[in-house]
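Just data_11.txt here, compact mmCIF, C-alpha atoms:
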# COMPACT_ATOMS: atom_id res chain seq x y z
CA MET A 1 32.59 7.36 -32.89
CA ARG A 2 31.17 4.61 -30.83
CA THR A 3 31.05 6.89 -27.81
CA ARG A 4 29.33 9.63 -29.80
CA ALA A 5 26.68 7.25 -31.19
CA GLY A 6 26.13 5.86 -27.70
CA ALA A 7 25.71 9.36 -26.32
CA ASN A 8 23.21 10.25 -29.07
CA THR A 9 21.25 7.09 -28.33
CA THR A 10 21.16 7.96 -24.64
CA ILE A 11 19.97 11.51 -25.35
CA THR A 12 17.26 10.21 -27.72
CA THR A 13 16.16 7.65 -25.15
CA LEU A 14 15.98 10.31 -22.43
CA ARG A 15 13.91 12.58 -24.68
CA MET A 16 11.50 9.71 -25.39
CA LEU A 17 11.26 8.99 -21.67
CA GLU A 18 10.44 12.65 -20.99
CA ASN A 19 7.38 12.24 -23.19
CA ILE A 20 6.07 9.15 -21.41
CA THR A 21 7.31 9.49 -17.85
CA ARG A 22 6.54 11.92 -15.10
CA PRO A 23 8.41 12.23 -11.80
CA TYR A 24 6.45 12.19 -8.55
CA PRO A 25 7.58 12.50 -4.96
CA GLY A 26 7.94 9.03 -3.50
CA LEU A 27 6.22 7.82 -0.36
CA LEU A 28 9.50 8.10 1.55
CA ARG A 29 10.85 11.57 2.19
CA GLY A 30 13.42 12.64 -0.36
CA THR A 31 12.60 9.92 -2.88
CA MET A 32 11.14 10.22 -6.36
CA ILE A 33 9.28 7.75 -8.53
CA LEU A 34 9.02 7.82 -12.32
CA VAL A 35 5.64 6.98 -13.75
CA ASN A 36 5.19 5.75 -17.32
CA THR A 37 2.21 7.91 -18.18
CA LYS A 38 1.42 6.02 -21.39
CA LEU A 39 1.18 2.63 -19.68
CA LEU A 40 -0.53 4.11 -16.64
CA GLY A 41 -3.15 5.64 -18.93
CA ILE A 42 -3.81 2.28 -20.58
CA PHE A 43 -4.00 0.62 -17.16
CA MET A 44 -6.46 3.20 -15.85
CA GLN A 45 -8.61 3.05 -18.98
CA GLU A 46 -8.87 -0.74 -18.83
CA HIS A 47 -9.76 -0.67 -15.16
CA LEU A 48 -12.40 1.96 -15.84
CA GLY A 49 -13.94 -0.59 -18.19
CA VAL A 50 -13.71 -3.25 -15.47
CA LEU A 51 -15.52 -0.89 -13.08
CA ILE A 52 -18.27 -0.30 -15.63
CA VAL A 53 -18.72 -4.05 -16.15
CA ASN A 54 -18.62 -4.57 -12.37
CA ARG A 55 -21.41 -2.04 -11.84
CA ARG A 56 -23.56 -3.51 -14.62
CA LEU A 57 -23.13 -7.02 -13.22
CA ALA A 58 -24.03 -5.82 -9.72
CA GLY A 59 -27.15 -4.15 -11.16
CA ARG A 60 -28.15 -7.29 -13.05
CA CYS A 61 -27.64 -9.44 -9.95
CA ARG A 62 -29.67 -6.98 -7.87
CA GLY A 63 -32.46 -7.01 -10.45
CA SER A 64 -32.75 -10.78 -9.99
CA ASN A 65 -32.31 -10.61 -6.20
CA PRO A 66 -34.07 -7.36 -5.20
CA SER A 67 -34.91 -8.22 -1.60
CA GLY A 68 -33.27 -9.68 1.47
CA PRO A 69 -29.71 -9.18 2.64
CA LEU A 70 -28.25 -9.81 -0.83
CA GLY A 71 -30.52 -7.26 -2.52
CA GLY A 72 -29.75 -4.63 0.11
CA PHE A 73 -26.02 -5.24 -0.17
CA LEU A 74 -26.13 -5.07 -3.98
CA ALA A 75 -28.01 -1.74 -3.85
CA VAL A 76 -25.25 -0.23 -1.71
CA LEU A 77 -22.56 -1.88 -3.84
CA GLY A 78 -23.97 -0.27 -6.98
CA ASP A 79 -23.77 3.19 -5.41
CA GLU A 80 -20.22 2.55 -4.17
CA LEU A 81 -19.13 1.32 -7.60
CA GLU A 82 -20.45 4.56 -9.09
CA ASP A 83 -18.36 6.49 -6.51
CA GLU A 84 -15.31 4.47 -7.55
CA ARG A 85 -15.95 5.18 -11.23
CA VAL A 86 -16.07 8.91 -10.49
CA ALA A 87 -12.89 8.65 -8.37
CA LEU A 88 -11.06 6.79 -11.12
CA GLU A 89 -12.15 9.28 -13.76
CA GLU A 90 -10.85 12.11 -11.53
CA ALA A 91 -7.55 10.27 -11.12
CA MET A 92 -7.41 9.79 -14.88
CA ARG A 93 -7.97 13.50 -15.47
CA SER A 94 -5.20 14.33 -13.00
CA GLN A 95 -2.87 12.16 -15.13
CA GLY A 96 -4.09 13.66 -18.41
CA VAL A 97 -5.91 10.46 -19.44
CA ARG A 98 -9.24 10.69 -21.21
CA PRO A 99 -11.73 7.80 -21.05
CA THR A 100 -12.16 5.92 -24.31
CA ARG A 101 -15.88 5.69 -24.93
CA LEU A 102 -15.60 3.01 -27.63
CA LYS A 103 -13.61 0.67 -25.41
CA ASN A 104 -16.05 1.20 -22.54
CA ALA A 105 -19.02 0.48 -24.82
CA LEU A 106 -17.38 -2.74 -26.02
CA LEU A 107 -16.73 -3.86 -22.46
CA ALA A 108 -20.29 -3.04 -21.44
CA SER A 109 -21.59 -5.14 -24.33
CA SER A 110 -19.35 -8.03 -23.25
CA GLU A 111 -21.22 -8.08 -19.94
CA LYS A 112 -24.46 -8.55 -21.90
CA LEU A 113 -22.92 -11.41 -23.88
CA ALA A 114 -21.97 -13.11 -20.61
CA ARG A 115 -25.69 -13.53 -19.92
CA LEU A 116 -25.83 -16.20 -22.60
CA LYS A 117 -23.98 -18.81 -20.53
CA LEU A 118 -25.84 -21.97 -19.58
CA ASN A 119 -27.52 -21.99 -16.18
CA GLY A 120 -29.69 -25.10 -16.31
CA THR A 121 -32.78 -23.25 -17.56
CA LEU A 122 -33.43 -21.80 -20.96
CA PHE A 123 -35.14 -18.49 -20.25
CA SER A 124 -35.20 -17.97 -16.48
CA TYR A 125 -32.92 -17.13 -13.61
CA SER A 126 -31.64 -20.07 -11.57
CA ASP A 127 -29.58 -20.67 -8.44
CA LEU A 128 -26.61 -21.30 -10.76
CA SER A 129 -27.09 -17.84 -12.30
CA ARG A 130 -26.73 -16.31 -8.83
CA VAL A 131 -23.54 -18.30 -8.18
CA TYR A 132 -22.05 -17.21 -11.51
CA GLU A 133 -22.91 -13.57 -10.92
CA LEU A 134 -21.54 -13.52 -7.37
CA HIS A 135 -18.41 -15.34 -8.49
CA GLY A 136 -17.92 -12.72 -11.21
CA LEU A 137 -18.46 -9.90 -8.70
CA CYS A 138 -15.82 -11.44 -6.42
CA LEU A 139 -13.30 -11.62 -9.28
CA LEU A 140 -14.03 -8.08 -10.43
CA THR A 141 -13.73 -6.79 -6.85
CA GLN A 142 -10.28 -8.41 -6.58
CA HIS A 143 -9.38 -6.53 -9.78
CA ARG A 144 -10.47 -3.29 -8.12
CA ILE A 145 -8.31 -4.03 -5.09
CA PHE A 146 -5.30 -4.36 -7.42
CA LEU A 147 -6.28 -1.14 -9.19
CA TRP A 148 -6.35 0.93 -6.01
CA GLN A 149 -3.14 -0.68 -4.71
CA THR A 150 -1.40 0.38 -7.90
CA LEU A 151 -2.75 3.93 -7.82
CA ALA A 152 -1.89 4.38 -4.13
CA VAL A 153 1.74 5.14 -5.05
CA LEU A 154 0.69 8.36 -6.79
CA PRO A 155 0.68 11.22 -4.29
CA ASN A 156 -2.43 12.91 -5.71
CA THR A 157 -4.51 9.71 -5.46
CA ARG A 158 -2.90 7.95 -2.49
CA VAL A 159 -5.40 8.76 0.28
CA ARG A 160 -8.45 8.12 -1.86
CA ALA A 161 -6.94 4.97 -3.37
CA GLU A 162 -6.18 3.56 0.08
CA ARG A 163 -9.77 4.26 1.15
CA MET A 164 -11.18 2.64 -2.01
CA GLU A 165 -8.95 -0.39 -1.56
CA ALA A 166 -10.10 -0.86 2.04
CA ARG A 167 -13.73 -0.57 1.00
CA ALA A 168 -13.25 -3.08 -1.84
CA ARG A 169 -11.68 -5.53 0.62
CA GLN A 170 -14.74 -5.22 2.88
CA GLN A 171 -17.04 -5.69 -0.12
CA LEU A 172 -15.12 -8.81 -1.13
CA VAL A 173 -15.66 -10.39 2.29
CA VAL A 174 -19.43 -9.82 2.09
CA LEU A 175 -19.62 -10.90 -1.56
CA ASP A 176 -17.77 -14.11 -0.76
CA GLU A 177 -20.21 -14.86 2.08
CA HIS A 178 -23.15 -14.44 -0.31
CA ARG A 179 -21.34 -16.48 -2.99
CA ALA A 180 -20.70 -19.33 -0.54
CA ALA A 181 -24.34 -19.32 0.59
CA ALA A 182 -25.54 -19.39 -3.02
CA ALA A 183 -23.09 -22.17 -3.92
CA ALA A 184 -24.30 -24.24 -0.95
CA LEU A 185 -27.76 -24.31 -2.55
CA LEU A 186 -26.28 -26.15 -5.52
CA THR A 187 -25.30 -29.14 -3.40
CA GLU A 188 -28.66 -29.55 -1.69
CA PRO A 189 -30.87 -32.40 -2.91
CA ALA A 190 -33.38 -31.26 -5.51
Entire entry expressed as structure tokens:
Amino acid sequence: MRTRAGANTTITTLRMLENITRPYPGLLRGTMILVNTKLLGIFMQEHLGVLIVNRRLAGRCRGSNPSGPLGGFLAVLGDELEDERVALEEAMRSQGVRPTRLKNALLASSEKLARLKLNGTLFSYSDLSRVYELHGLCLLTQHRIFLWQTLAVLPNTRVRAERMEARARQQLVVLDEHRAAAAALLTEPA
């Protein structure tokens, strides 16, 4: 009886796994990877929200810094973040994942709440605001690097994910240069 119950448990477990996993060819010839589609869907949805917040933050930072090298970079970054959002939504569709509009709306509103942090002035933009925004953009860009690294194992997204990861790494270098320059202003005598 114990063997029979164990066999039934194994069959039930395998049937459950069929509903949440999908086999894909591995990166090495002759190998296969199993993907937990449920968890992958949650992961993709949450990172879509991160991309939306990232784009909104880049737009807000650009609105306060419209000119000069930072403004030009942020204009390009906004367009590239929109390309990434489209790419992620296409990858989600290829996995059968639909974006959750409510979750995305909540995340977008959280970006607006983040504007309430103290910056040394009550109603205006300050040098500290710029540092906070650039710091946030650096952190969100690192998140995007992890996203594209994770998706690069899927054969139908690998090439695009590798390209997006490389671009995010380049963006992070430039963002960090701007962040360091903005932070240096904080230590100058007033």
Give me the residues within 9 Å of Leu172 in chain A as a ChimeraX atom specification, counting only C-alpha atoms and dropping any in the same chain fewer than 6 places off. /A:137-139,141-142
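If you look at CA of Gly72 in chain A and CA of Arg60 in chain A, they are 13.5 Å away from each other.
Between Leu102 in chain A and the residues A:Ala181, A:Gly49, A:Glu84, A:Val76, the shortest atom-to-atom distance, using only C-alpha atoms, involves A:Gly49.
Separating CA of Glu162 in chain A from CA of Ala91 in chain A is a distance of 13.1 Å.
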Measure the distance from CA of Val153 in chain A to CA of Thr100 in chain A in Å and round it to one decimal. 23.8 Å
If you count only C-alpha atoms, the residue of A:Leu70, A:Ile52, A:Leu186, A:Leu39 closest to Ser126 in chain A turns out to be A:Leu186
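Distance check against Glu90 in chain A using all atoms listed in the file: of A:Ala166, A:Asn156, A:Leu128, A:Phe73, the minimum falls on A:Asn156.
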